[in-house]
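Here is the structure we will look at, set down as structure tokens.
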Amino acid sequence: SQQGEEDPQALSIQEGENATMNCSYKTSINNLQWYRQNSGRGLVHLILIRSNEREKHSGRLRVTLDTSKKSSSLLITASRAADTASYFCATDAWGNQFYFGTGTSLTVIP
Amino acid sequence: DAGVIQSPRHEVTEMGQEVTLRCKPISGHDYLFWYRQTMMRGLELLIYFNNNVPIDDSGMPEDRFSAKMPNASFSTLKIQPSEPRDSAVYFCASLQGPPGTEAFFGQGTRLTVV
């Protein structure tokens, strides 16, 4: 069964704007990761946040984690056309399985 | 390292035929995962291995699906007999433990069963 659910399912913004997508999960986790998938390609790891962390930054990415609400958000600042992709959160709850959400499809309009 | 390598990239087969998907994980990685991606169901974890041993195959949809990892550098996912509803993109991913580390994905195999 899938652990994470992202919302919105689809997001369309203008280049330069910020994009925020959210992930909710069902059970306690060890960590949460965000991945990007370009059309027709495999997933690429973006950032990992551990259950004892609340916020993490990597370049234009900012991830927050609220374990009390079982939710995470991914913020992409100053978006670019190259950020157009699907974004997935992944959680590991029982050992090393990674369960992925349904993804947010982001379109950045030049 | 060339990353996780999957073959073939595309496979078209007729219903009832046997299909074998292949994966070469990154050298030194001790975990290997097989996922299936469809529009309707998203990314589903089918099975994962640790040190070549299957740990959890609860995601394998039915007995028509089987997976093996005969050594640390090779894994196969077999569907026999294949059905049109098996059409999907199948991904292999590997990572180096301990738990909670980055997983590396292959480019996927797009399977079409007609």
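Naming works like this for the structure tokens: A, B, ... for the chains as they're shown, residue 1 at the start of each chain, ligands 1 onward in shown order.
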
Using only C-alpha atoms, what table do you get, as a Markdown table, when you list each residue of chain A with an atom no more than 6 Å from chain B, its nearest pair of atoms, and their distance in Å rounded to one decimal, rows by chain then rising number?
| residue | atom | partner | partner_atom | distance |
| --- | --- | --- | --- | --- |
| A:Arg41 | CA | B:Gln107 | CA | 5.3 |
| A:Gly42 | CA | B:Gln107 | CA | 4.5 |
| A:Leu43 | CA | B:Phe105 | CA | 5.8 |
| A:Asn96 | CA | B:Pro99 | CA | 5.6 |
| A:Thr102 | CA | B:Gly42 | CA | 5.2 |

Tell me, as a tab-separated table (two decimals) with N, CA, C and O atoms, in the first residue's frame, which residues lie within 12 Å of Ile13 in chain A, counting only C-alpha atoms; anything in the same chain fewer than 5 positions away does not count.
chain	number	residue	atom	x	y	z
A	18	ASN	N	7.30	30.76	-6.90
A	18	ASN	CA	7.60	29.64	-6.01
A	18	ASN	C	6.54	28.56	-6.18
A	18	ASN	O	5.37	28.84	-6.42
A	19	ALA	N	6.97	27.32	-6.02
A	19	ALA	CA	6.06	26.18	-6.10
A	19	ALA	C	6.08	25.43	-4.79
A	19	ALA	O	7.16	25.11	-4.27
A	20	THR	N	4.91	25.17	-4.26
A	20	THR	CA	4.80	24.41	-3.01
A	20	THR	C	3.94	23.19	-3.23
A	20	THR	O	2.84	23.28	-3.77
A	76	ILE	N	9.92	24.94	-3.90
A	76	ILE	CA	10.93	25.25	-4.91
A	76	ILE	C	10.83	26.75	-5.15
A	76	ILE	O	9.79	27.26	-5.60
A	77	THR	N	11.89	27.46	-4.86
A	77	THR	CA	11.86	28.91	-5.03
A	77	THR	C	12.39	29.30	-6.41
A	77	THR	O	13.16	28.56	-7.03
A	78	ALA	N	11.94	30.45	-6.88
A	78	ALA	CA	12.41	31.00	-8.15
A	78	ALA	C	12.42	29.92	-9.23
A	78	ALA	O	13.46	29.60	-9.82
A	79	SER	N	11.25	29.37	-9.50
A	79	SER	CA	11.16	28.21	-10.39
A	79	SER	C	11.66	28.53	-11.79
A	79	SER	O	11.63	29.67	-12.26
A	80	ARG	N	12.10	27.46	-12.45
A	80	ARG	CA	12.60	27.55	-13.81
A	80	ARG	C	11.85	26.55	-14.68
A	80	ARG	O	11.31	25.58	-14.17
A	81	ALA	N	11.88	26.76	-15.96
A	81	ALA	CA	11.20	25.84	-16.88
A	81	ALA	C	11.75	24.42	-16.70
A	81	ALA	O	11.01	23.43	-16.82
A	83	ASP	N	12.41	22.96	-14.10
A	83	ASP	CA	11.82	22.30	-12.93
A	83	ASP	C	10.56	21.54	-13.28
A	83	ASP	O	10.01	20.82	-12.43
A	84	THR	N	10.07	21.71	-14.49
A	84	THR	CA	8.88	20.97	-14.93
A	84	THR	C	9.13	19.49	-14.84
A	84	THR	O	10.04	18.96	-15.48
A	105	SER	N	2.36	16.85	-10.38
A	105	SER	CA	2.89	17.21	-11.69
A	105	SER	C	3.04	18.73	-11.74
A	105	SER	O	2.05	19.46	-11.67
A	106	LEU	N	4.25	19.19	-11.84
A	106	LEU	CA	4.55	20.62	-11.86
A	106	LEU	C	4.89	21.07	-13.28
A	106	LEU	O	5.74	20.47	-13.93
A	107	THR	N	4.21	22.11	-13.72
A	107	THR	CA	4.53	22.73	-15.00
A	107	THR	C	4.95	24.16	-14.74
A	107	THR	O	4.20	24.93	-14.11
A	108	VAL	N	6.13	24.52	-15.19
A	108	VAL	CA	6.63	25.89	-15.06
A	108	VAL	C	6.61	26.51	-16.44
A	108	VAL	O	7.31	26.05	-17.36
A	109	ILE	N	5.82	27.56	-16.57
A	109	ILE	CA	5.63	28.20	-17.87
A	109	ILE	C	6.67	29.30	-18.07
A	109	ILE	O	6.78	30.19	-17.23
A	110	PRO	N	7.43	29.21	-19.15
A	110	PRO	CA	8.49	30.22	-19.37
A	110	PRO	C	7.91	31.61	-19.59
A	110	PRO	O	6.79	31.77	-20.06

**Study point:** strand (DSSP E or B) residues, from DSSP on the backbone, in chain B, as a ChimeraX atom specification
**Key:** /B:5-7,10-13,19-24,31-38,42-50,53-56,65-71,74-79,88-95,104-105,109-113

Practice item. Would you mind reading off the distance between CA of Ser58 in chain A and CA of Ser27 in chain B, one decimal, in Å? Key: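 Interatomic distance here is 26.8 Å.
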
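Separating CA of Ala90 in chain A from CA of Ser68 in chain A is a distance of 17.4 Å.
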